[in-house]
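One structure is given below, encoded as structure tokens.
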There are 2 protein chains.
Amino acid sequence: MYNESMYRLGSKRSTIREIFEYAKKRSAEIGAENVFDFSIGNPSVPAPSEVNEAIARLVQETPSVALHGYTSAQGDKEVREKIAANFTRRFGVPLSGDDLYMTCGAAASLTITLKALSVEGDEFIVFAPYFPEYAVFVKNAGAKLTVLPSNENMQPDFEALEKALSPKVKGVLINSPNNPSGVVYTEKTIKRLAKILTEKSGEYGAPIYLISDEPYRELVYDATTKVPCVMAEYENSIVCYSYSKSLSMPGERVGYIAVNPKMEENRAIYAAICGAGRSLGFVCAPALFQRVAAECDGLTADLSVYKRNRDLLYNALQEYGYTCVYPDGAFYLFVKALEEDAAAFCERAKKYELLLVNGADFGAAGWVRVAYCVQTERIEKALPLFKKLAEEYK
Amino acid sequence: MYNESMYRLGSKRSTIREIFEYAKKRSAEIGAENVFDFSIGNPSVPAPSEVNEAIARLVQETPSVALHGYTSAQGDKEVREKIAANFTRRFGVPLSGDDLYMTCGAAASLTITLKALSVEGDEFIVFAPYFPEYAVFVKNAGAKLTVLPSNENMQPDFEALEKALSPKVKGVLINSPNNPSGVVYTEKTIKRLAKILTEKSGEYGAPIYLISDEPYRELVYDATTKVPCVMAEYENSIVCYSYSKSLSMPGERVGYIAVNPKMEENRAIYAAICGAGRSLGFVCAPALFQRVAAECDGLTADLSVYKRNRDLLYNALQEYGYTCVYPDGAFYLFVKALEEDAAAFCERAKKYELLLVNGADFGAAGWVRVAYCVQTERIEKALPLFKKLAEEYK
């Protein structure tokens, strides 16, 4: 009567969405102030004031039909040109507006890119821990997801990569700053990745694409942390971006796909992206917010809150005896569960109204993810609960 | 290296988009005032003032994080409840917020619904003339499109339907007011359709869904024209809606899927829709515009312009000797080409800078579509050109 696999996807929501809905229900029962929802990556910091200012100005100054009308399927030309020029200036990669395709956010950037590239039998590689929706998106493209381990620093396990590569591998999908580990891939990592992919592409006579999912690109907290631009290191690379986190507007669904201008058959790949967007039903990215994004491109919400949260949480949890990955960026802390079964650990945390996400969903059994994109006061109030939780295990 | 079928979709854009881009180029060459682009269904009438007022108020009154944050995947609860209550009041079908799933516009409503319902080997039926992207969307769902003829009044050919129905047919997809014919399906048509589908569903022991694509629902011009609500007539029905045309904001990508509360397994179908939305990468419909849509639901842009255009164009073209379908609604006039080959006719029209869409793309060889959602002045200026074009054939 209907598609069973879609039914399962829809009725068994992602764990994160599940907890998000549980938190809403629990908040109604005991008051939102008593529920510590560390499950969802919903920015807690307002959008920079420029976002609402841009909305107000655009609404005032632009005739309605132009403002709210369709843009070209790949996005408004001026928007693309402005963002491409910024990209060129910031990352030193000469990008033109025609290398950019505006999307309805990161998920769309990924489903479109994967669908554009995939043919039957294709495989995409990710490194654990990884954002679990990748599995859904890769499946939608008719391809297979292969999950490889990371090393102890949460950088890719290159030996595993070299073993796993084969002519069936269409691409490697990375996410740095990483959700859920918060780790940033170093320049050394990207260079080594590029070297291996270049060699293997040559060996197989077909490009292996590097797809870089970068919604957290601007969310790094130490002056020494740099997020290297994959395009500078590897020609057959595609950047999937979203303004959700940088501009604190995840509900507005706007992002882009940038196709490396140096990529082999750049124009054909770009056309396939246009085709995939059309096929999936995207038509164009939301028009007003395309323009808002262009005006605010490069700005960020006030990241000092996330930095404060990170420092507070990381330091306290280390002190309480938790093992944590030091998060260079994003707004997640990856913590080792205090018992082997992370699901049981999450259930025990629930007793304290601490809502954590089981790392198993990210391909990392025995870990949990704590999204610290909340008000600092929530962290402060939660710390004694994390302490009590740790004490249960002593 | 990439998906060839996506490449073809992206490099050979829809004819409509193709002309849209040609018009832009041509306008740059000879001035926009000399190009008569009747190709794209981009509303020419400003959004009702309530749209921009709602944007301004929401931006002023709603905290940024709530305003621009993720909504539930199925859409903001209050938004869904408000729209459902309006739906109930307007159409007499008791709809709840949980029967509604907010989408990124009509294309998304369709790709999600089709993907939710389809299993391998499924078939969907449409009646020509039909919106050509249906073929793309049905293919994306892994199903097969079967095109049936309409009768001389552009209502479905029921004999053809009865012959074409089989246990493989998962659904019938209708679009009324119709793009490209402008015709509204009468209550008699919907009742007869419901009767046939009920009988055949019973015979096969599985529901045949009626999917009603209704972006033009409010765009009708005669007091006597009523657009019947399919849900009142047929239980296994799904309404796909978009605010693009009614509120003149096609670029903002907001619409919904309404699942008939009386449908068999309503909850499972709804879950499959949630799953399909997730799988395709939609996450949630644009948050601010979900709320704008809820506030403006039931309003329309100033339709008097379209009515004036319709009357002007229809009457003049009839007078010049064209054969036209009388359009009850939408903003398209379907006109018989003056030579057998409508492509040649469109090329000849181009000489007069009249940009028309070949009906072959809508499954109706020998016809052309004239989108009259333009400024009335454009129609007035184009009429002498239509006259000259007709004279060429005398």
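In the structure tokens, the first chain shown is A, the next is B, and so on; residue numbers restart at 1 for each chain, and ligands run from 1 in the order shown.
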
Go through chain A residue by residue and, counting only C-alpha atoms, keep those with an atom at most 7 Å from chain B; for each kept residue give the shortest atom pair and its distance in Å to one decimal, ordered by chain and increasing number, as JSON lines.
```
{"residue": "A:Met1", "atom": "CA", "partner": "B:Ala206", "partner_atom": "CA", "distance": 6.7}
{"residue": "A:Tyr2", "atom": "CA", "partner": "B:Leu117", "partner_atom": "CA", "distance": 4.1}
{"residue": "A:Asn3", "atom": "CA", "partner": "B:Leu117", "partner_atom": "CA", "distance": 5.2}
{"residue": "A:Met6", "atom": "CA", "partner": "B:Gly275", "partner_atom": "CA", "distance": 4.5}
{"residue": "A:Tyr7", "atom": "CA", "partner": "B:Ala272", "partner_atom": "CA", "distance": 3.7}
{"residue": "A:Arg8", "atom": "CA", "partner": "B:Gly275", "partner_atom": "CA", "distance": 7.0}
{"residue": "A:Leu9", "atom": "CA", "partner": "B:Gly275", "partner_atom": "CA", "distance": 4.4}
{"residue": "A:Gly10", "atom": "CA", "partner": "B:Gly275", "partner_atom": "CA", "distance": 3.5}
{"residue": "A:Ser11", "atom": "CA", "partner": "B:Ala271", "partner_atom": "CA", "distance": 5.2}
{"residue": "A:Asn42", "atom": "CA", "partner": "B:Gly69", "partner_atom": "CA", "distance": 6.5}
{"residue": "A:Ser44", "atom": "CA", "partner": "B:Val65", "partner_atom": "CA", "distance": 6.2}
{"residue": "A:Val45", "atom": "CA", "partner": "B:Val65", "partner_atom": "CA", "distance": 6.7}
{"residue": "A:Pro46", "atom": "CA", "partner": "B:Ser64", "partner_atom": "CA", "distance": 5.1}
{"residue": "A:Ala47", "atom": "CA", "partner": "B:Ser64", "partner_atom": "CA", "distance": 6.2}
{"residue": "A:Asn52", "atom": "CA", "partner": "B:Val59", "partner_atom": "CA", "distance": 6.6}
{"residue": "A:Ala56", "atom": "CA", "partner": "B:Ala56", "partner_atom": "CA", "distance": 6.7}
{"residue": "A:Val59", "atom": "CA", "partner": "B:Asn52", "partner_atom": "CA", "distance": 6.6}
{"residue": "A:Ser64", "atom": "CA", "partner": "B:Pro46", "partner_atom": "CA", "distance": 5.1}
{"residue": "A:Val65", "atom": "CA", "partner": "B:Pro46", "partner_atom": "CA", "distance": 5.3}
{"residue": "A:His68", "atom": "CA", "partner": "B:Met249", "partner_atom": "CA", "distance": 4.6}
{"residue": "A:Gly69", "atom": "CA", "partner": "B:Gly251", "partner_atom": "CA", "distance": 4.4}
{"residue": "A:Tyr70", "atom": "CA", "partner": "B:Gly251", "partner_atom": "CA", "distance": 3.9}
{"residue": "A:Thr71", "atom": "CA", "partner": "B:Gly251", "partner_atom": "CA", "distance": 6.3}
{"residue": "A:Ala107", "atom": "CA", "partner": "B:Gly281", "partner_atom": "CA", "distance": 4.7}
{"residue": "A:Ala108", "atom": "CA", "partner": "B:Gly281", "partner_atom": "CA", "distance": 4.8}
{"residue": "A:Thr111", "atom": "CA", "partner": "B:Gly281", "partner_atom": "CA", "distance": 5.8}
{"residue": "A:Ala116", "atom": "CA", "partner": "B:Asn3", "partner_atom": "CA", "distance": 5.5}
{"residue": "A:Leu117", "atom": "CA", "partner": "B:Tyr2", "partner_atom": "CA", "distance": 4.1}
{"residue": "A:Ser118", "atom": "CA", "partner": "B:Asn3", "partner_atom": "CA", "distance": 5.5}
{"residue": "A:Val119", "atom": "CA", "partner": "B:Asn3", "partner_atom": "CA", "distance": 5.5}
{"residue": "A:Val136", "atom": "CA", "partner": "B:Ser279", "partner_atom": "CA", "distance": 5.8}
{"residue": "A:Phe137", "atom": "CA", "partner": "B:Ser279", "partner_atom": "CA", "distance": 6.0}
{"residue": "A:Asn140", "atom": "CA", "partner": "B:Ser279", "partner_atom": "CA", "distance": 6.0}
{"residue": "A:Ala206", "atom": "CA", "partner": "B:Met1", "partner_atom": "CA", "distance": 6.7}
{"residue": "A:Met249", "atom": "CA", "partner": "B:His68", "partner_atom": "CA", "distance": 4.6}
{"residue": "A:Pro250", "atom": "CA", "partner": "B:Gly69", "partner_atom": "CA", "distance": 5.2}
{"residue": "A:Gly251", "atom": "CA", "partner": "B:Tyr70", "partner_atom": "CA", "distance": 3.9}
{"residue": "A:Glu252", "atom": "CA", "partner": "B:Pro286", "partner_atom": "CA", "distance": 4.4}
{"residue": "A:Arg253", "atom": "CA", "partner": "B:Pro286", "partner_atom": "CA", "distance": 5.7}
{"residue": "A:Ala268", "atom": "CA", "partner": "B:Tyr7", "partner_atom": "CA", "distance": 6.5}
{"residue": "A:Ile269", "atom": "CA", "partner": "B:Tyr2", "partner_atom": "CA", "distance": 6.7}
{"residue": "A:Ala271", "atom": "CA", "partner": "B:Gly10", "partner_atom": "CA", "distance": 4.6}
{"residue": "A:Ala272", "atom": "CA", "partner": "B:Tyr7", "partner_atom": "CA", "distance": 3.7}
{"residue": "A:Ile273", "atom": "CA", "partner": "B:Gly10", "partner_atom": "CA", "distance": 6.9}
{"residue": "A:Cys274", "atom": "CA", "partner": "B:Gly10", "partner_atom": "CA", "distance": 4.6}
{"residue": "A:Gly275", "atom": "CA", "partner": "B:Gly10", "partner_atom": "CA", "distance": 3.5}
{"residue": "A:Ala276", "atom": "CA", "partner": "B:Met6", "partner_atom": "CA", "distance": 5.4}
{"residue": "A:Ser279", "atom": "CA", "partner": "B:Val136", "partner_atom": "CA", "distance": 5.8}
{"residue": "A:Leu280", "atom": "CA", "partner": "B:Thr111", "partner_atom": "CA", "distance": 6.3}
{"residue": "A:Gly281", "atom": "CA", "partner": "B:Ala107", "partner_atom": "CA", "distance": 4.7}
{"residue": "A:Phe282", "atom": "CA", "partner": "B:Ala108", "partner_atom": "CA", "distance": 6.4}
{"residue": "A:Cys284", "atom": "CA", "partner": "B:Gly251", "partner_atom": "CA", "distance": 6.9}
{"residue": "A:Pro286", "atom": "CA", "partner": "B:Glu252", "partner_atom": "CA", "distance": 4.5}
{"residue": "A:Ala287", "atom": "CA", "partner": "B:Gly251", "partner_atom": "CA", "distance": 4.8}
{"residue": "A:Leu288", "atom": "CA", "partner": "B:Glu252", "partner_atom": "CA", "distance": 6.7}
```

I'd like the neighbourhood of A:Asp222 as a PDB file with N, CA, C and O atoms, in the first residue's frame, where a residue qualifies if any of its atoms comes within 12 Å (using only C-alpha atoms), though same-chain residues fewer than 5 positions away should be ignored.
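Produced file selection.pdb, reproduced below:
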```pdb
ATOM      1  N   VAL A 184      38.312  18.999  14.174  1.00  0.00           N
ATOM      2  CA  VAL A 184      38.589  19.591  12.859  1.00  0.00           C
ATOM      3  C   VAL A 184      39.689  18.764  12.181  1.00  0.00           C
ATOM      4  O   VAL A 184      40.696  18.437  12.819  1.00  0.00           O
ATOM      5  N   VAL A 227      40.315  25.673   9.581  1.00  0.00           N
ATOM      6  CA  VAL A 227      39.606  24.637   8.824  1.00  0.00           C
ATOM      7  C   VAL A 227      40.112  24.718   7.387  1.00  0.00           C
ATOM      8  O   VAL A 227      39.794  25.670   6.673  1.00  0.00           O
ATOM      9  N   LEU A 303      29.665  33.628  18.525  1.00  0.00           N
ATOM     10  CA  LEU A 303      30.220  32.314  18.838  1.00  0.00           C
ATOM     11  C   LEU A 303      30.814  32.229  20.241  1.00  0.00           C
ATOM     12  O   LEU A 303      31.116  31.144  20.727  1.00  0.00           O
ATOM     13  N   SER A 304      30.928  33.392  20.909  1.00  0.00           N
ATOM     14  CA  SER A 304      31.561  33.368  22.233  1.00  0.00           C
ATOM     15  C   SER A 304      30.746  32.519  23.213  1.00  0.00           C
ATOM     16  O   SER A 304      31.289  31.937  24.140  1.00  0.00           O
ATOM     17  N   TYR A 306      29.140  29.711  22.466  1.00  0.00           N
ATOM     18  CA  TYR A 306      29.504  28.305  22.254  1.00  0.00           C
ATOM     19  C   TYR A 306      30.887  28.017  22.848  1.00  0.00           C
ATOM     20  O   TYR A 306      31.115  26.969  23.430  1.00  0.00           O
ATOM     21  N   LYS A 307      31.791  28.960  22.678  1.00  0.00           N
ATOM     22  CA  LYS A 307      33.138  28.769  23.216  1.00  0.00           C
ATOM     23  C   LYS A 307      33.077  28.636  24.740  1.00  0.00           C
ATOM     24  O   LYS A 307      33.694  27.745  25.328  1.00  0.00           O
ATOM     25  N   ARG A 308      32.322  29.536  25.361  1.00  0.00           N
ATOM     26  CA  ARG A 308      32.169  29.494  26.822  1.00  0.00           C
ATOM     27  C   ARG A 308      31.572  28.146  27.233  1.00  0.00           C
ATOM     28  O   ARG A 308      32.042  27.493  28.157  1.00  0.00           O
ATOM     29  N   ARG A 310      31.599  25.340  25.609  1.00  0.00           N
ATOM     30  CA  ARG A 310      32.533  24.248  25.367  1.00  0.00           C
ATOM     31  C   ARG A 310      33.536  24.137  26.502  1.00  0.00           C
ATOM     32  O   ARG A 310      33.761  23.052  27.058  1.00  0.00           O
ATOM     33  N   ASP A 311      34.117  25.294  26.855  1.00  0.00           N
ATOM     34  CA  ASP A 311      35.158  25.284  27.885  1.00  0.00           C
ATOM     35  C   ASP A 311      34.590  24.799  29.225  1.00  0.00           C
ATOM     36  O   ASP A 311      35.187  23.963  29.902  1.00  0.00           O
ATOM     37  N   TYR A 326      38.513  16.454  22.779  1.00  0.00           N
ATOM     38  CA  TYR A 326      38.585  17.922  22.804  1.00  0.00           C
ATOM     39  C   TYR A 326      37.985  18.473  21.511  1.00  0.00           C
ATOM     40  O   TYR A 326      38.471  18.177  20.416  1.00  0.00           O
ATOM     41  N   PRO A 327      36.909  19.250  21.632  1.00  0.00           N
ATOM     42  CA  PRO A 327      36.251  19.722  20.403  1.00  0.00           C
ATOM     43  C   PRO A 327      36.830  21.042  19.904  1.00  0.00           C
ATOM     44  O   PRO A 327      36.668  22.077  20.531  1.00  0.00           O
ATOM     45  N   ASP A 328      37.463  20.980  18.778  1.00  0.00           N
ATOM     46  CA  ASP A 328      37.993  22.198  18.157  1.00  0.00           C
ATOM     47  C   ASP A 328      36.868  23.117  17.681  1.00  0.00           C
ATOM     48  O   ASP A 328      37.035  24.318  17.584  1.00  0.00           O
ATOM     49  N   GLY A 329      35.762  22.495  17.290  1.00  0.00           N
ATOM     50  CA  GLY A 329      34.698  23.304  16.713  1.00  0.00           C
ATOM     51  C   GLY A 329      33.358  22.608  16.753  1.00  0.00           C
ATOM     52  O   GLY A 329      33.172  21.643  17.477  1.00  0.00           O
ATOM     53  N   ALA A 330      32.440  23.081  15.940  1.00  0.00           N
ATOM     54  CA  ALA A 330      31.034  22.668  15.968  1.00  0.00           C
ATOM     55  C   ALA A 330      30.497  22.955  17.372  1.00  0.00           C
ATOM     56  O   ALA A 330      31.085  23.757  18.084  1.00  0.00           O
TER      57      ALA A 330
END
```

- Where in stretch 160-380 of chain B does DSSP assign helix (DSSP H, G or I), given as an NGL selection string? :B and (160-164 or 187-204 or 230-233 or 250-252 or 266-280 or 287-296 or 304-319 or 342-351 or 359-362 or 376-380)

- If you count only C-alpha atoms, which residues fall within 10 Å of A:Asp98, apart from same-chain ones fewer than 4 positions away, as a VMD selection string? chain A and resid 74 to 75 77 80 to 81 84 258 to 259 261 267 270
